[in-house]
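Have a look at my_file_19.txt; it's compact mmCIF, N, CA and C atoms:
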```
# COMPACT_ATOMS: atom_id res chain seq x y z
N MET A 1 0.82 -1.19 0.00
CA MET A 1 0.00 0.00 0.00
C MET A 1 0.87 1.25 0.00
N LYS A 2 1.94 1.22 0.82
CA LYS A 2 2.83 2.37 0.88
C LYS A 2 3.54 2.58 -0.45
N LYS A 3 3.90 1.47 -1.12
CA LYS A 3 4.57 1.57 -2.40
C LYS A 3 3.64 2.19 -3.44
N ILE A 4 2.37 1.81 -3.43
CA ILE A 4 1.41 2.34 -4.39
C ILE A 4 1.22 3.84 -4.16
N LEU A 5 1.07 4.24 -2.91
CA LEU A 5 0.93 5.66 -2.60
C LEU A 5 2.18 6.44 -3.00
N PHE A 6 3.33 5.86 -2.75
CA PHE A 6 4.58 6.52 -3.12
C PHE A 6 4.68 6.68 -4.64
N LEU A 7 4.33 5.64 -5.38
CA LEU A 7 4.37 5.70 -6.84
C LEU A 7 3.37 6.72 -7.39
N LEU A 8 2.18 6.79 -6.78
CA LEU A 8 1.20 7.79 -7.19
C LEU A 8 1.70 9.21 -6.92
N PHE A 9 2.36 9.38 -5.79
CA PHE A 9 2.93 10.69 -5.45
C PHE A 9 4.02 11.09 -6.46
N VAL A 10 4.91 10.16 -6.77
CA VAL A 10 5.99 10.43 -7.73
C VAL A 10 5.41 10.73 -9.11
N ALA A 11 4.41 9.95 -9.52
CA ALA A 11 3.77 10.18 -10.83
C ALA A 11 3.12 11.55 -10.87
N SER A 12 2.42 11.92 -9.81
CA SER A 12 1.78 13.24 -9.74
C SER A 12 2.81 14.35 -9.80
N LEU A 13 3.89 14.17 -9.08
CA LEU A 13 4.96 15.16 -9.07
C LEU A 13 5.57 15.31 -10.46
N LEU A 14 5.79 14.21 -11.16
CA LEU A 14 6.33 14.27 -12.51
C LEU A 14 5.38 14.96 -13.47
N ILE A 15 4.09 14.68 -13.36
CA ILE A 15 3.09 15.32 -14.22
C ILE A 15 3.10 16.83 -14.01
N VAL A 16 3.10 17.24 -12.77
CA VAL A 16 3.11 18.68 -12.47
C VAL A 16 4.40 19.33 -12.98
N THR A 17 5.51 18.68 -12.77
CA THR A 17 6.80 19.23 -13.21
C THR A 17 6.86 19.38 -14.72
N PHE A 18 6.49 18.34 -15.45
CA PHE A 18 6.57 18.39 -16.90
C PHE A 18 5.55 19.35 -17.50
N SER A 19 4.36 19.42 -16.93
CA SER A 19 3.37 20.35 -17.47
C SER A 19 3.79 21.79 -17.20
N SER A 20 4.40 22.05 -16.05
CA SER A 20 4.90 23.40 -15.76
C SER A 20 6.02 23.78 -16.71
N ALA A 21 6.89 22.83 -16.99
CA ALA A 21 8.00 23.10 -17.92
C ALA A 21 7.47 23.36 -19.33
N ALA A 22 6.47 22.62 -19.73
CA ALA A 22 5.90 22.82 -21.07
C ALA A 22 5.28 24.20 -21.19
N ILE A 23 4.58 24.63 -20.18
CA ILE A 23 3.98 25.97 -20.19
C ILE A 23 5.07 27.03 -20.18
N ALA A 24 6.11 26.84 -19.40
CA ALA A 24 7.17 27.82 -19.30
C ALA A 24 7.92 27.98 -20.62
N PHE A 25 8.14 26.90 -21.32
CA PHE A 25 8.91 26.99 -22.56
C PHE A 25 8.10 27.45 -23.75
N ASP A 26 6.80 27.37 -23.71
CA ASP A 26 5.97 27.85 -24.82
C ASP A 26 4.71 28.47 -24.27
N GLY A 27 4.87 29.66 -23.70
CA GLY A 27 3.75 30.35 -23.09
C GLY A 27 2.87 31.09 -24.06
N GLY A 28 3.08 30.93 -25.36
CA GLY A 28 2.22 31.57 -26.34
C GLY A 28 2.79 32.85 -26.91
N ASN A 29 3.90 33.35 -26.39
CA ASN A 29 4.48 34.58 -26.90
C ASN A 29 5.77 34.35 -27.66
N SER A 30 6.04 33.13 -28.00
CA SER A 30 7.27 32.85 -28.71
C SER A 30 7.06 33.02 -30.21
N ALA A 31 8.17 33.15 -30.91
CA ALA A 31 8.10 33.27 -32.37
C ALA A 31 7.52 32.00 -32.99
N ALA A 32 7.70 30.89 -32.32
CA ALA A 32 7.19 29.62 -32.84
C ALA A 32 5.67 29.57 -32.86
N SER A 33 5.02 30.44 -32.10
CA SER A 33 3.56 30.43 -32.07
C SER A 33 2.96 31.10 -33.31
N TYR A 34 3.81 31.72 -34.14
CA TYR A 34 3.33 32.33 -35.37
C TYR A 34 3.74 31.46 -36.55
N GLU A 35 2.93 31.45 -37.57
CA GLU A 35 3.20 30.60 -38.72
C GLU A 35 4.36 31.13 -39.55
N ASP A 36 4.45 32.45 -39.72
CA ASP A 36 5.46 33.04 -40.58
C ASP A 36 6.34 34.01 -39.81
N CYS A 37 7.62 33.97 -40.07
CA CYS A 37 8.55 34.92 -39.51
C CYS A 37 8.54 36.15 -40.41
N ALA A 38 8.44 37.32 -39.83
CA ALA A 38 8.36 38.55 -40.63
C ALA A 38 9.55 38.70 -41.55
N LYS A 39 10.71 38.41 -41.04
CA LYS A 39 11.93 38.58 -41.83
C LYS A 39 11.97 37.63 -43.02
N GLU A 40 11.44 36.43 -42.85
CA GLU A 40 11.45 35.45 -43.92
C GLU A 40 10.48 35.80 -45.05
N MET A 41 9.52 36.67 -44.78
CA MET A 41 8.54 37.05 -45.79
C MET A 41 9.06 38.17 -46.69
N LEU A 42 10.24 38.70 -46.40
CA LEU A 42 10.77 39.83 -47.15
C LEU A 42 11.72 39.36 -48.24
N ASP A 43 11.81 40.17 -49.30
CA ASP A 43 12.81 39.88 -50.32
C ASP A 43 14.17 40.38 -49.82
N ASN A 44 15.22 40.14 -50.58
CA ASN A 44 16.57 40.48 -50.13
C ASN A 44 16.75 41.98 -49.87
N GLU A 45 16.17 42.80 -50.72
CA GLU A 45 16.31 44.26 -50.55
C GLU A 45 15.63 44.72 -49.26
N ASP A 46 14.39 44.27 -49.04
CA ASP A 46 13.68 44.66 -47.83
C ASP A 46 14.30 44.05 -46.58
N ARG A 47 14.86 42.86 -46.72
CA ARG A 47 15.54 42.22 -45.59
C ARG A 47 16.77 43.05 -45.18
N ALA A 48 17.48 43.59 -46.15
CA ALA A 48 18.63 44.45 -45.85
C ALA A 48 18.16 45.74 -45.16
N LYS A 49 17.05 46.30 -45.63
CA LYS A 49 16.49 47.48 -44.98
C LYS A 49 16.08 47.16 -43.54
N PHE A 50 15.46 46.00 -43.36
CA PHE A 50 15.03 45.55 -42.04
C PHE A 50 16.23 45.49 -41.09
N GLU A 51 17.31 44.85 -41.53
CA GLU A 51 18.53 44.74 -40.72
C GLU A 51 19.10 46.11 -40.39
N THR A 52 19.11 47.02 -41.36
CA THR A 52 19.63 48.36 -41.14
C THR A 52 18.80 49.09 -40.09
N ILE A 53 17.49 49.00 -40.20
CA ILE A 53 16.60 49.66 -39.23
C ILE A 53 16.84 49.11 -37.83
N ILE A 54 16.90 47.80 -37.70
CA ILE A 54 17.08 47.17 -36.39
C ILE A 54 18.44 47.51 -35.80
N ASN A 55 19.50 47.43 -36.60
CA ASN A 55 20.84 47.74 -36.10
C ASN A 55 20.97 49.20 -35.68
N ASP A 56 20.39 50.10 -36.47
CA ASP A 56 20.41 51.53 -36.13
C ASP A 56 19.67 51.77 -34.82
N PHE A 57 18.51 51.13 -34.69
CA PHE A 57 17.71 51.26 -33.46
C PHE A 57 18.48 50.75 -32.25
N ARG A 58 19.11 49.59 -32.38
CA ARG A 58 19.86 49.02 -31.26
C ARG A 58 21.00 49.93 -30.82
N GLU A 59 21.69 50.50 -31.79
CA GLU A 59 22.81 51.39 -31.47
C GLU A 59 22.32 52.63 -30.72
N LYS A 60 21.27 53.26 -31.25
CA LYS A 60 20.72 54.46 -30.60
C LYS A 60 20.16 54.12 -29.22
N MET A 61 19.46 52.99 -29.13
CA MET A 61 18.84 52.60 -27.86
C MET A 61 19.90 52.29 -26.81
N SER A 62 20.99 51.67 -27.21
CA SER A 62 22.06 51.35 -26.28
C SER A 62 22.64 52.62 -25.66
N LYS A 63 22.90 53.61 -26.50
CA LYS A 63 23.43 54.89 -26.01
C LYS A 63 22.42 55.56 -25.08
N LEU A 64 21.17 55.53 -25.48
CA LEU A 64 20.12 56.16 -24.68
C LEU A 64 19.95 55.47 -23.34
N ARG A 65 20.03 54.16 -23.30
CA ARG A 65 19.92 53.42 -22.04
C ARG A 65 21.05 53.77 -21.09
N GLU A 66 22.26 53.88 -21.63
CA GLU A 66 23.40 54.26 -20.79
C GLU A 66 23.18 55.64 -20.17
N THR A 67 22.72 56.57 -20.99
CA THR A 67 22.44 57.92 -20.49
C THR A 67 21.35 57.89 -19.43
N MET A 68 20.29 57.14 -19.69
CA MET A 68 19.18 57.05 -18.74
C MET A 68 19.63 56.44 -17.42
N LEU A 69 20.45 55.41 -17.49
CA LEU A 69 20.95 54.77 -16.27
C LEU A 69 21.78 55.76 -15.45
N THR A 70 22.63 56.50 -16.13
CA THR A 70 23.44 57.51 -15.44
C THR A 70 22.56 58.57 -14.78
N LEU A 71 21.59 59.08 -15.52
CA LEU A 71 20.69 60.10 -14.97
C LEU A 71 19.90 59.56 -13.79
N ARG A 72 19.48 58.33 -13.89
CA ARG A 72 18.68 57.74 -12.81
C ARG A 72 19.52 57.56 -11.56
N THR A 73 20.75 57.06 -11.72
CA THR A 73 21.60 56.85 -10.54
C THR A 73 22.03 58.17 -9.92
N GLU A 74 22.11 59.23 -10.73
CA GLU A 74 22.48 60.55 -10.21
C GLU A 74 21.27 61.28 -9.63
N GLY A 75 20.07 60.72 -9.81
CA GLY A 75 18.86 61.32 -9.25
C GLY A 75 18.33 62.49 -10.06
N LYS A 76 18.72 62.58 -11.32
CA LYS A 76 18.25 63.66 -12.20
C LYS A 76 16.96 63.20 -12.88
N TYR A 77 15.87 63.23 -12.13
CA TYR A 77 14.63 62.64 -12.58
C TYR A 77 13.99 63.38 -13.74
N GLU A 78 14.04 64.70 -13.75
CA GLU A 78 13.43 65.46 -14.84
C GLU A 78 14.14 65.17 -16.16
N GLU A 79 15.46 65.13 -16.12
CA GLU A 79 16.23 64.82 -17.33
C GLU A 79 16.01 63.36 -17.76
N PHE A 80 15.87 62.49 -16.76
CA PHE A 80 15.58 61.09 -17.06
C PHE A 80 14.25 60.97 -17.79
N ARG A 81 13.25 61.69 -17.33
CA ARG A 81 11.93 61.62 -17.97
C ARG A 81 11.98 62.14 -19.41
N GLU A 82 12.81 63.14 -19.64
CA GLU A 82 12.97 63.64 -21.01
C GLU A 82 13.59 62.56 -21.89
N LYS A 83 14.59 61.87 -21.37
CA LYS A 83 15.23 60.79 -22.12
C LYS A 83 14.26 59.63 -22.32
N HIS A 84 13.41 59.39 -21.33
CA HIS A 84 12.40 58.35 -21.47
C HIS A 84 11.45 58.68 -22.61
N ALA A 85 11.06 59.95 -22.71
CA ALA A 85 10.20 60.37 -23.81
C ALA A 85 10.93 60.18 -25.15
N GLU A 86 12.23 60.47 -25.18
CA GLU A 86 13.03 60.23 -26.40
C GLU A 86 13.02 58.75 -26.74
N ARG A 87 13.11 57.92 -25.72
CA ARG A 87 13.12 56.47 -25.92
C ARG A 87 11.82 56.02 -26.57
N LEU A 88 10.70 56.51 -26.09
CA LEU A 88 9.41 56.15 -26.67
C LEU A 88 9.31 56.63 -28.12
N GLU A 89 9.82 57.83 -28.39
CA GLU A 89 9.81 58.35 -29.75
C GLU A 89 10.67 57.48 -30.67
N LEU A 90 11.83 57.08 -30.17
CA LEU A 90 12.74 56.23 -30.94
C LEU A 90 12.06 54.89 -31.27
N MET A 91 11.34 54.35 -30.31
CA MET A 91 10.63 53.10 -30.54
C MET A 91 9.54 53.26 -31.59
N GLU A 92 8.83 54.38 -31.53
CA GLU A 92 7.78 54.63 -32.53
C GLU A 92 8.38 54.85 -33.91
N GLU A 93 9.54 55.53 -33.98
CA GLU A 93 10.22 55.72 -35.27
C GLU A 93 10.59 54.37 -35.88
N LYS A 94 11.08 53.46 -35.03
CA LYS A 94 11.44 52.13 -35.52
C LYS A 94 10.20 51.42 -36.07
N VAL A 95 9.11 51.49 -35.33
CA VAL A 95 7.88 50.84 -35.77
C VAL A 95 7.41 51.41 -37.10
N ASP A 96 7.44 52.74 -37.23
CA ASP A 96 7.02 53.37 -38.48
C ASP A 96 7.91 52.94 -39.64
N ALA A 97 9.21 52.89 -39.40
CA ALA A 97 10.14 52.48 -40.45
C ALA A 97 9.91 51.02 -40.85
N LEU A 98 9.67 50.16 -39.87
CA LEU A 98 9.41 48.75 -40.18
C LEU A 98 8.08 48.56 -40.89
N ASN A 99 7.09 49.36 -40.52
CA ASN A 99 5.78 49.25 -41.16
C ASN A 99 5.84 49.56 -42.65
N ASP A 100 6.84 50.37 -43.06
CA ASP A 100 6.98 50.70 -44.47
C ASP A 100 7.43 49.50 -45.30
N ILE A 101 8.13 48.55 -44.67
CA ILE A 101 8.63 47.41 -45.44
C ILE A 101 7.96 46.08 -45.11
N LEU A 102 7.33 45.97 -43.95
CA LEU A 102 6.68 44.72 -43.57
C LEU A 102 5.32 44.57 -44.24
N PRO A 103 4.92 43.35 -44.55
CA PRO A 103 3.56 43.13 -45.06
C PRO A 103 2.53 43.61 -44.03
N GLU A 104 1.41 44.07 -44.51
CA GLU A 104 0.39 44.66 -43.64
C GLU A 104 -0.05 43.70 -42.53
N GLU A 105 -0.18 42.43 -42.85
CA GLU A 105 -0.61 41.42 -41.87
C GLU A 105 0.36 41.37 -40.67
N ILE A 106 1.65 41.37 -40.98
CA ILE A 106 2.67 41.30 -39.93
C ILE A 106 2.71 42.60 -39.14
N ALA A 107 2.62 43.73 -39.82
CA ALA A 107 2.63 45.03 -39.14
C ALA A 107 1.45 45.15 -38.18
N ASN A 108 0.28 44.70 -38.61
CA ASN A 108 -0.90 44.75 -37.74
C ASN A 108 -0.73 43.84 -36.53
N ARG A 109 -0.18 42.67 -36.74
CA ARG A 109 0.04 41.73 -35.64
C ARG A 109 1.02 42.33 -34.63
N PHE A 110 2.08 42.94 -35.14
CA PHE A 110 3.06 43.57 -34.26
C PHE A 110 2.43 44.71 -33.47
N GLN A 111 1.65 45.54 -34.12
CA GLN A 111 1.02 46.67 -33.43
C GLN A 111 0.07 46.19 -32.34
N ALA A 112 -0.71 45.18 -32.63
CA ALA A 112 -1.67 44.69 -31.64
C ALA A 112 -0.97 44.09 -30.43
N LYS A 113 0.06 43.32 -30.65
CA LYS A 113 0.76 42.64 -29.56
C LYS A 113 1.82 43.54 -28.94
N GLY A 114 2.55 44.24 -29.78
CA GLY A 114 3.70 45.00 -29.31
C GLY A 114 3.38 46.24 -28.51
N ARG A 115 2.35 46.97 -28.88
CA ARG A 115 2.04 48.22 -28.19
C ARG A 115 1.78 47.97 -26.71
N GLU A 116 1.04 46.92 -26.42
CA GLU A 116 0.75 46.59 -25.03
C GLU A 116 2.04 46.31 -24.26
N MET A 117 2.95 45.56 -24.88
CA MET A 117 4.20 45.21 -24.20
C MET A 117 5.13 46.41 -24.10
N ARG A 118 5.15 47.26 -25.14
CA ARG A 118 6.06 48.40 -25.14
C ARG A 118 5.66 49.45 -24.11
N HIS A 119 4.37 49.62 -23.88
CA HIS A 119 3.92 50.69 -23.01
C HIS A 119 3.39 50.21 -21.67
N ASN A 120 3.41 48.94 -21.44
CA ASN A 120 2.91 48.39 -20.20
C ASN A 120 3.83 48.80 -19.05
N GLY A 121 3.26 49.17 -17.95
CA GLY A 121 4.05 49.48 -16.77
C GLY A 121 4.20 50.97 -16.57
N TRP A 122 4.81 51.64 -17.52
CA TRP A 122 5.04 53.07 -17.34
C TRP A 122 3.72 53.81 -17.29
N ASP A 123 2.82 53.55 -18.23
CA ASP A 123 1.53 54.22 -18.25
C ASP A 123 0.71 53.90 -17.01
N LYS A 124 0.87 52.70 -16.50
CA LYS A 124 0.12 52.29 -15.33
C LYS A 124 0.82 52.68 -14.04
N LYS A 125 1.96 53.33 -14.15
CA LYS A 125 2.76 53.79 -13.01
C LYS A 125 3.15 52.64 -12.08
N SER A 126 3.37 51.47 -12.68
CA SER A 126 3.82 50.34 -11.88
C SER A 126 5.32 50.10 -12.05
N GLY A 127 5.94 50.89 -12.87
CA GLY A 127 7.38 50.76 -13.08
C GLY A 127 8.06 52.10 -12.90
N GLY A 128 9.33 52.16 -13.25
CA GLY A 128 10.04 53.42 -13.16
C GLY A 128 10.25 53.87 -11.73
N PHE A 129 10.20 55.15 -11.52
CA PHE A 129 10.51 55.72 -10.21
C PHE A 129 9.42 55.46 -9.19
N LYS A 130 8.19 55.37 -9.63
CA LYS A 130 7.07 55.16 -8.71
C LYS A 130 7.22 53.84 -7.96
N ALA A 131 7.65 52.80 -8.67
CA ALA A 131 7.76 51.48 -8.05
C ALA A 131 8.85 51.42 -6.99
N SER A 132 9.90 52.21 -7.17
CA SER A 132 11.00 52.17 -6.20
C SER A 132 10.79 53.13 -5.04
N GLY A 133 9.68 53.86 -5.06
CA GLY A 133 9.34 54.73 -3.94
C GLY A 133 10.01 56.08 -3.98
N ASN A 134 10.61 56.45 -5.11
CA ASN A 134 11.27 57.77 -5.21
C ASN A 134 10.29 58.83 -5.58
```
In structure tokens, what does this structure look like?
Amino acid sequence: MKKILFLLFVASLLIVTFSSAAIAFDGGNSAASYEDCAKEMLDNEDRAKFETIINDFREKMSKLRETMLTLRTEGKYEEFREKHAERLELMEEKVDALNDILPEEIANRFQAKGREMRHNGWDKKSGGFKASGN
């Protein structure tokens, strides 16, 4: 009887562990959950434009993040907020540039999913300075 209960416990534990791992590895927001990759739908010319837009954005964003981190650690909140506004503008510029080359279906999917993720937290005042009590 004890062996049967022990085996049932181990089996239950394994089921919970594996189902949790399955959910964690594919929570529905992965690229694999979409049928087509945006980059793969582009021709060579548009793919080169796509890479240029992304690389330019990453370079600008990296510099902006460093500046924002410095301003935040120095307690320059007003200047930080100005840089944050620049960051949002930079993100919108990237989206506009990508929308010019991406198929409409992909651009719409990105806008519907991405806007929520890009602006979540700050608008709700659950992130940034408010969350840390400053």
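Distance-wise, atom CA of A:Pro103 and atom C of A:Ala85 end up 27.2 Å apart.
The spacing separating atom N of A:Asp56 from atom C of A:Lys76 amounts to 27.2 Å.
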Determine the axis-aligned bounding box of all atoms of stretch 90-108 of chain A present in the file, pad each side by 8 Å, and express its centre and edge lengths in Å to one decimal place as lines of an AutoDock Vina configuration file.
```
center_x = 5.9
center_y = 49.2
center_z = -37.8
size_x = 29.6
size_y = 31.8
size_z = 31.3
```
Practice problem: Could you tell me how far atom CA of A:Ile53 lies from atom CA of A:Leu71, in Å and to one decimal? | Solution: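 Atom CA of A:Leu71 lies 26.7 Å from atom CA of A:Ile53.
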Exercise. Within 6.5 Å of A:Ile101, counting all atoms listed in the file, which residues show up once you throw out same-chain ones fewer than 3 positions away? Write them as a ChimeraX atom specification, please.
Key: /A:46,97-98
